[in-house]
Structures are given as structure tokens and as C-alpha cells.
Amino acid sequence: MAGTGKAHMRPDGDVILTVEDLTVEFKLGKDKIVKAVSGISFDLIRGETLAVVGESGCGKSTLGKAILQLPKPTSGSVNFLSQELTTLPKKELRDARPAMQMIFQDSISSLDPRLPVSEVIAEPLRVWNKGNQVEIDAKIDELLNAVNLDPAEVRDRRSYEFSGGQCQRISIARSLTLDPTMIICDEPVSALDVSVQAQILNLLQDMKDRYGLSLIFISHDLAVVKAVSTRVMVMYLGKVCEVAPPDELYRNTKHHYTKALVGSVPIPDPDRPIQAGLIQGEPPSPLDPPSGCRFRTRCPAATEKCAAEEPQLREVAVGHFVACHHPIA
């Protein structure tokens, strides 16, 4: 079920990002407000990969962009490397941006089709006046080699000449240009073939280790998330449902929504019985979310308490937190 709270926040460790009570709302017409993200809190420790999981429309991508102040959140706090981004003046916010980058969901459309690959990667260096032409060329070759693309073959070609997997590699190279501390990966493998997905996931892990990155990995696919994350945060309709390490989340699922997500992961076993739908109905509208727990309208365990009172995140095992009045035993 979906709720609020900060029980899962970690006081110890090298925390580079702290998000507290983040809310993002969009006006739709005169009197309508889309409640995309509603009071979310979490933190990110240096070197870890936090996966943000949930079905389409739950606010994952909006959350990722709001961290980067694209758009600026309606309310809440985003503290990155000891700087409060929500109150930074424009110049200071611009100066903070190189350390936080994003790999966008649609890799092909995120690349300018008018520019050759060399200029796509060089543009951030030119904007920030980093290096002369010789140094820029060397950086381009270094990054293309790092993502397993031959500079001699690709640097003068344009994005529309490449496959989706190749465009994603170029996007990863571009995101590394300014030596960031944190990269937000928004569904980086969702539109790719399974074999290409594995290549990109391995590449992201290699880049993380090589450049000392911290990642926020946004996805709707729990099978992918299990392979790359060190911590998983499950979202539903703008709220946090469950937070746990990936193995613990799979082995000891406590949330009814998370259980449905885990159950939806395809298993290559023809003898395994087909599982009936675990979630009934359609997600409620973010224009008018349900009272109390936002998942209660689709939850098999919902009671009157769920309608009257919003659940708070609480620890049910070491490092495992759930926002539910009636967690799975």
C-alpha cells in the first residue's frame, strides 16, 4: 500500500542525496491538479544503485526530473552534496548541474539528429569551456571506447543511423562527459531487445565501477532491477509502498502491490501454471487519488482503516520497510 514516512532514511553512511517530502503537482485546467508525486522521502549513499519501481504513471520519471529541478518541485527538499537545490539561485543551480546527469527514456529522440555523435558528446564540454579541441577530441574517443563504440566508425555519423542500443550507448557516453557524481537512468533498457538489455545493464555496471558513480535506476521491470540494484523503492500513484534490498524484496515481499509486481515477472517455465491477475481494476486518477492508502481500491486486504488512515513506512525486517496496515505475513 502507499504511504509516507521517513523510517527508511539512513543517518549513517556517505549520503550524497537526501530527498524529503517531495511533492510535484501540475495544474490541469482551472480547478484540476495532477498529484504526480506526493510527499516522497529517500536518500542515496555514494556508490549505491537505488532502483525506483512501479507501473506506468506512478510518478517515477517525474520524481527523477524533479530531483534535477526539471521541473522544480511544488514543495519539499532536495539536498545534493550538501546543497539545497530547491532554494539555489539560478547561477548556483547551474554550477551544481554537471555533478548530476540523466539518461533519458527514449535514447533516440534524446539525441539531436542534426549533430554528429562527436558533437553530441562534445557539446557539454564546449558549454562549460572544458579543454581545447585536442583535449575534447581525446575525451570523445575515451568515452566512445568506454561504451564499446569505435570512434573511427561512429563519431561522424548521426543518431538516426544507429540502432536503439547504440543510441543508448551514446547517451551513456554523453552523460559521463562532465564527470558526474550521480546519474539518473530513466527506463534505460525498456525499449530494447532482451539481448541488448543485458549488454546495456552490464555497461552501466562497468561505468559505475570505473567512474565511481551513484545511480538512480528507474524501471517498471523488477527482473531488470534485481540484477542491477543495491536497494529498491516501490512506488504507487505518487507514494512509496516498500523499500528493501532486492533479494529481500523478492524473498520476503510484504506489500500486496509489490507481490503483484513480483508475480508479473515472466518465468521461462512452460510447466508453470498461469497465474491469475493479482491486481484488479485500473489505477485511480492522480487528479483524485483515494483517501487513506492509495492502493486500497485494488488491494485484496483493504479494510475501513485503509480508507480512513494513510499507512506510514515502518521496518518489518532489517533494512526492509513497508507502508501497509495489513502487510503480508
# chains A, B, ... in the order shown; residues from 1 in each chain; ligands from 1
call {"tool": "residues_around", "arguments": {"residues": "Ser56 (chain A)", "least_positions_apart": "5", "cutoff": "12 Å", "atoms": "only C-alpha atoms", "output": "MDAnalysis selection string"}}
result
chainID A and resid 36 61:62 187 190 218:221 235:238 282:283
call {"tool": "residues_around", "arguments": {"residues": "Val34 (chain A)", "least_positions_apart": "5", "cutoff": "9 Å", "atoms": "only C-alpha atoms", "output": "number ranges by chain"}}
result
A: 24-28, 285-288
call {"tool": "residues_around", "arguments": {"residues": "Lys139 (chain A)", "least_positions_apart": "4", "cutoff": "10 Å", "atoms": "only C-alpha atoms", "output": "list in words"}}
result
Ser118, Ile121, Ala122, Leu125, Gly131, Gln133, Val134, Glu135, Leu143, Leu144, Asn145 and Thr177 of chain A
call {"tool": "residues_around", "arguments": {"residues": "region 1-16 of chain A", "least_positions_apart": "3", "cutoff": "9 Å", "atoms": "only C-alpha atoms", "output": "JSON, numbers by chain"}}
result
{"A": [20, 21, 38, 39, 40, 41, 42, 43, 44, 45, 46, 47, 79, 80, 81, 82, 181, 182, 214, 235, 236, 237, 238, 239, 240, 241, 242, 243, 244, 255, 256, 257, 258, 292, 293, 294, 295, 296, 299, 306, 310, 311, 312, 313, 314, 315, 319, 320, 321, 322, 323, 324, 325, 326, 327]}
call {"tool": "closest_residue", "arguments": {"among": "A:Thr303, A:Gln166, A:Ser291, A:Asn252", "to": "Ala317 (chain A)", "atoms": "only C-alpha atoms"}}
result
A:Asn252
call {"tool": "closest_residue", "arguments": {"among": "A:Val147, A:Glu55, A:Glu248, A:Asp156", "to": "Asp206 (chain A)", "atoms": "only C-alpha atoms"}}
result
A:Val147
call {"tool": "select_by_dssp", "arguments": {"residues": "region 80-328 of chain A", "states": "strand (DSSP E)", "output": "PyMOL selection string"}}
result
chain A and resi 80+83-84+100-103+182-186+214-219+231-236+239-244+314-317+320-322
call {"tool": "write_last_selection", "arguments": {"atoms": "C-alpha atoms", "output": "PDB file, in the first residue's frame"}}
result
ATOM      1  CA  PHE A  80      22.617  17.033  -3.125  1.00  0.00           C
ATOM      2  CA  GLN A  83      23.476  21.872  -1.325  1.00  0.00           C
ATOM      3  CA  GLU A  84      19.741  22.507  -1.086  1.00  0.00           C
ATOM      4  CA  MET A 100      24.088  15.198 -11.673  1.00  0.00           C
ATOM      5  CA  GLN A 101      23.175  13.866 -15.099  1.00  0.00           C
ATOM      6  CA  MET A 102      20.300  11.935 -16.655  1.00  0.00           C
ATOM      7  CA  ILE A 103      19.958   9.166 -19.228  1.00  0.00           C
ATOM      8  CA  MET A 182      25.174  10.801  -9.769  1.00  0.00           C
ATOM      9  CA  ILE A 183      23.275   9.653 -12.866  1.00  0.00           C
ATOM     10  CA  ILE A 184      19.503   9.180 -13.026  1.00  0.00           C
ATOM     11  CA  CYS A 185      18.697   6.409 -15.516  1.00  0.00           C
ATOM     12  CA  ASP A 186      15.093   6.727 -16.699  1.00  0.00           C
ATOM     13  CA  SER A 214      25.939   6.538  -7.821  1.00  0.00           C
ATOM     14  CA  LEU A 215      22.816   5.612  -9.788  1.00  0.00           C
ATOM     15  CA  ILE A 216      19.069   6.082  -9.504  1.00  0.00           C
ATOM     16  CA  PHE A 217      17.647   3.431 -11.809  1.00  0.00           C
ATOM     17  CA  ILE A 218      14.008   3.989 -12.813  1.00  0.00           C
ATOM     18  CA  SER A 219      12.187   0.956 -14.185  1.00  0.00           C
ATOM     19  CA  ARG A 231      18.233  -1.028  -2.846  1.00  0.00           C
ATOM     20  CA  VAL A 232      14.703  -0.954  -4.288  1.00  0.00           C
ATOM     21  CA  MET A 233      11.964   1.624  -3.683  1.00  0.00           C
ATOM     22  CA  VAL A 234       8.498   0.635  -4.938  1.00  0.00           C
ATOM     23  CA  MET A 235       6.110   3.444  -5.905  1.00  0.00           C
ATOM     24  CA  TYR A 236       2.359   3.505  -6.469  1.00  0.00           C
ATOM     25  CA  LYS A 239       3.667   7.349  -2.971  1.00  0.00           C
ATOM     26  CA  VAL A 240       6.265   4.935  -1.576  1.00  0.00           C
ATOM     27  CA  CYS A 241       4.995   1.402  -0.865  1.00  0.00           C
ATOM     28  CA  GLU A 242       8.045  -0.615   0.115  1.00  0.00           C
ATOM     29  CA  VAL A 243      11.817  -0.191   0.450  1.00  0.00           C
ATOM     30  CA  ALA A 244      14.251  -3.112   0.719  1.00  0.00           C
ATOM     31  CA  ARG A 314       7.775   1.025   9.182  1.00  0.00           C
ATOM     32  CA  GLU A 315      10.582  -1.505   9.488  1.00  0.00           C
ATOM     33  CA  VAL A 316       9.465  -5.144   9.285  1.00  0.00           C
ATOM     34  CA  ALA A 317      12.941  -6.680   8.891  1.00  0.00           C
ATOM     35  CA  HIS A 320      13.084  -3.682   4.934  1.00  0.00           C
ATOM     36  CA  PHE A 321      10.325  -1.072   5.210  1.00  0.00           C
ATOM     37  CA  VAL A 322       6.683  -1.224   4.191  1.00  0.00           C
TER      38      VAL A 322
END
call {"tool": "atom_distance", "arguments": {"atom1": "CA of Lys32 (chain A)", "atom2": "CA of Pro71 (chain A)"}}
result
18.5 Å
call {"tool": "closest_residue", "arguments": {"among": "A:Ala66, A:Leu222, A:Ala307, A:Pro124", "to": "Pro266 (chain A)", "atoms": "only C-alpha atoms"}}
result
A:Leu222
call {"tool": "select_by_dssp", "arguments": {"residues": "region 230-304 of chain A", "states": "helix (DSSP H, G or I)", "output": "list in words"}}
result
Pro246, Asp247, Glu248, Leu249, Tyr250, Arg251, His256, Tyr257, Thr258, Lys259, Ala260, Leu261, Val262, Gly263, Arg296, Thr297, Arg298 and Glu304 of chain A
call {"tool": "residues_around", "arguments": {"residues": "Thr87 (chain A)", "least_positions_apart": "4", "cutoff": "12 Å", "atoms": "only C-alpha atoms", "output": "ChimeraX atom specification"}}
result
/A:69,72-80,83,91-93
call {"tool": "atom_distance", "arguments": {"atom1": "CA of Arg169 (chain A)", "atom2": "CA of Glu48 (chain A)"}}
result
21.1 Å
call {"tool": "atom_distance", "arguments": {"atom1": "CA of Lys65 (chain A)", "atom2": "CA of Ser159 (chain A)"}}
result
23.4 Å
call {"tool": "closest_residue", "arguments": {"among": "A:Asp141, A:Asp31, A:Asp179, A:Glu161", "to": "Ile108 (chain A)", "atoms": "only C-alpha atoms"}}
result
A:Glu161
call {"tool": "residues_around", "arguments": {"residues": "Asn202 (chain A)", "least_positions_apart": "6", "cutoff": "12 Å", "atoms": "only C-alpha atoms", "output": "list in words"}}
result
Val147, Asn148, Arg169, Val189, Ser195, Val196, Lys208, Asp209, Val224, Ala227 and Val228 of chain A
call {"tool": "decode", "arguments": {"residues": "region 204-242 of chain A", "atoms": "N, CA and C atoms", "output": "mmCIF file, in the first residue's frame"}}
result
data_model
loop_
_atom_site.group_PDB
_atom_site.id
_atom_site.type_symbol
_atom_site.label_atom_id
_atom_site.label_comp_id
_atom_site.auth_asym_id
_atom_site.auth_seq_id
_atom_site.Cartn_x
_atom_site.Cartn_y
_atom_site.Cartn_z
ATOM 1 N N LEU A 204 26.346 -0.309 -17.887
ATOM 2 C CA LEU A 204 26.083 0.631 -16.793
ATOM 3 C C LEU A 204 26.841 0.223 -15.533
ATOM 4 N N GLN A 205 26.880 -1.074 -15.249
ATOM 5 C CA GLN A 205 27.619 -1.544 -14.084
ATOM 6 C C GLN A 205 29.112 -1.285 -14.243
ATOM 7 N N ASP A 206 29.625 -1.506 -15.447
ATOM 8 C CA ASP A 206 31.045 -1.235 -15.708
ATOM 9 C C ASP A 206 31.354 0.251 -15.523
ATOM 10 N N MET A 207 30.477 1.103 -16.062
ATOM 11 C CA MET A 207 30.689 2.549 -15.941
ATOM 12 C C MET A 207 30.604 3.002 -14.479
ATOM 13 N N LYS A 208 29.679 2.408 -13.751
ATOM 14 C CA LYS A 208 29.542 2.740 -12.329
ATOM 15 C C LYS A 208 30.833 2.429 -11.577
ATOM 16 N N ASP A 209 31.393 1.251 -11.837
ATOM 17 C CA ASP A 209 32.627 0.847 -11.155
ATOM 18 C C ASP A 209 33.817 1.684 -11.621
ATOM 19 N N ARG A 210 33.892 1.943 -12.930
ATOM 20 C CA ARG A 210 35.044 2.642 -13.490
ATOM 21 C C ARG A 210 35.096 4.109 -13.058
ATOM 22 N N TYR A 211 33.931 4.769 -13.018
ATOM 23 C CA TYR A 211 33.898 6.206 -12.749
ATOM 24 C C TYR A 211 33.383 6.540 -11.348
ATOM 25 N N GLY A 212 33.149 5.535 -10.517
ATOM 26 C CA GLY A 212 32.714 5.784 -9.144
ATOM 27 C C GLY A 212 31.362 6.463 -9.051
ATOM 28 N N LEU A 213 30.394 5.999 -9.823
ATOM 29 C CA LEU A 213 29.094 6.654 -9.904
ATOM 30 C C LEU A 213 28.118 6.132 -8.848
ATOM 31 N N SER A 214 27.124 6.961 -8.563
ATOM 32 C CA SER A 214 25.939 6.538 -7.821
ATOM 33 C C SER A 214 24.766 6.664 -8.780
ATOM 34 N N LEU A 215 23.883 5.654 -8.791
ATOM 35 C CA LEU A 215 22.816 5.612 -9.788
ATOM 36 C C LEU A 215 21.439 5.582 -9.132
ATOM 37 N N ILE A 216 20.495 6.283 -9.757
ATOM 38 C CA ILE A 216 19.069 6.082 -9.504
ATOM 39 C C ILE A 216 18.522 5.449 -10.770
ATOM 40 N N PHE A 217 18.036 4.227 -10.650
ATOM 41 C CA PHE A 217 17.647 3.431 -11.809
ATOM 42 C C PHE A 217 16.126 3.298 -11.810
ATOM 43 N N ILE A 218 15.469 3.992 -12.726
ATOM 44 C CA ILE A 218 14.008 3.989 -12.813
ATOM 45 C C ILE A 218 13.561 2.901 -13.778
ATOM 46 N N SER A 219 12.633 2.061 -13.334
ATOM 47 C CA SER A 219 12.187 0.956 -14.185
ATOM 48 C C SER A 219 10.818 0.458 -13.730
ATOM 49 N N HIS A 220 10.117 -0.225 -14.630
ATOM 50 C CA HIS A 220 8.888 -0.927 -14.251
ATOM 51 C C HIS A 220 9.115 -2.433 -14.218
ATOM 52 N N ASP A 221 10.335 -2.858 -14.509
ATOM 53 C CA ASP A 221 10.655 -4.276 -14.667
ATOM 54 C C ASP A 221 11.471 -4.761 -13.469
ATOM 55 N N LEU A 222 10.839 -5.518 -12.584
ATOM 56 C CA LEU A 222 11.534 -5.992 -11.392
ATOM 57 C C LEU A 222 12.636 -6.990 -11.704
ATOM 58 N N ALA A 223 12.510 -7.716 -12.822
ATOM 59 C CA ALA A 223 13.565 -8.658 -13.200
ATOM 60 C C ALA A 223 14.853 -7.912 -13.521
ATOM 61 N N VAL A 224 14.741 -6.790 -14.210
ATOM 62 C CA VAL A 224 15.903 -5.957 -14.526
ATOM 63 C C VAL A 224 16.476 -5.358 -13.256
ATOM 64 N N VAL A 225 15.594 -4.871 -12.414
ATOM 65 C CA VAL A 225 16.004 -4.184 -11.187
ATOM 66 C C VAL A 225 16.812 -5.102 -10.273
ATOM 67 N N LYS A 226 16.388 -6.360 -10.186
ATOM 68 C CA LYS A 226 17.078 -7.294 -9.297
ATOM 69 C C LYS A 226 18.536 -7.465 -9.696
ATOM 70 N N ALA A 227 18.817 -7.343 -10.984
ATOM 71 C CA ALA A 227 20.170 -7.575 -11.481
ATOM 72 C C ALA A 227 21.107 -6.396 -11.242
ATOM 73 N N VAL A 228 20.570 -5.182 -11.044
ATOM 74 C CA VAL A 228 21.451 -4.013 -11.016
ATOM 75 C C VAL A 228 21.437 -3.240 -9.702
ATOM 76 N N SER A 229 20.429 -3.424 -8.863
ATOM 77 C CA SER A 229 20.246 -2.507 -7.733
ATOM 78 C C SER A 229 20.860 -3.028 -6.442
ATOM 79 N N THR A 230 21.133 -2.098 -5.550
ATOM 80 C CA THR A 230 21.525 -2.436 -4.190
ATOM 81 C C THR A 230 20.390 -2.151 -3.208
ATOM 82 N N ARG A 231 19.422 -1.339 -3.652
ATOM 83 C CA ARG A 231 18.233 -1.028 -2.846
ATOM 84 C C ARG A 231 17.085 -0.745 -3.800
ATOM 85 N N VAL A 232 15.868 -1.140 -3.426
ATOM 86 C CA VAL A 232 14.703 -0.954 -4.288
ATOM 87 C C VAL A 232 13.639 -0.154 -3.541
ATOM 88 N N MET A 233 13.088 0.851 -4.221
ATOM 89 C CA MET A 233 11.964 1.624 -3.683
ATOM 90 C C MET A 233 10.778 1.457 -4.628
ATOM 91 N N VAL A 234 9.686 0.895 -4.128
ATOM 92 C CA VAL A 234 8.498 0.635 -4.938
ATOM 93 C C VAL A 234 7.523 1.796 -4.776
ATOM 94 N N MET A 235 7.043 2.326 -5.916
ATOM 95 C CA MET A 235 6.110 3.444 -5.905
ATOM 96 C C MET A 235 4.751 3.027 -6.448
ATOM 97 N N TYR A 236 3.712 3.677 -5.923
ATOM 98 C CA TYR A 236 2.359 3.505 -6.469
ATOM 99 C C TYR A 236 1.629 4.840 -6.360
ATOM 100 N N LEU A 237 1.209 5.371 -7.492
ATOM 101 C CA LEU A 237 0.413 6.592 -7.557
ATOM 102 C C LEU A 237 1.018 7.733 -6.723
ATOM 103 N N GLY A 238 2.332 7.952 -6.929
ATOM 104 C CA GLY A 238 2.994 9.083 -6.293
ATOM 105 C C GLY A 238 3.437 8.877 -4.867
ATOM 106 N N LYS A 239 3.291 7.644 -4.349
ATOM 107 C CA LYS A 239 3.667 7.349 -2.971
ATOM 108 C C LYS A 239 4.642 6.185 -2.919
ATOM 109 N N VAL A 240 5.355 6.057 -1.795
ATOM 110 C CA VAL A 240 6.265 4.935 -1.576
ATOM 111 C C VAL A 240 5.513 3.798 -0.887
ATOM 112 N N CYS A 241 5.645 2.586 -1.438
ATOM 113 C CA CYS A 241 4.995 1.402 -0.865
ATOM 114 C C CYS A 241 5.944 0.601 0.010
ATOM 115 N N GLU A 242 7.129 0.325 -0.545
ATOM 116 C CA GLU A 242 8.045 -0.615 0.115
ATOM 117 C C GLU A 242 9.475 -0.265 -0.266
#
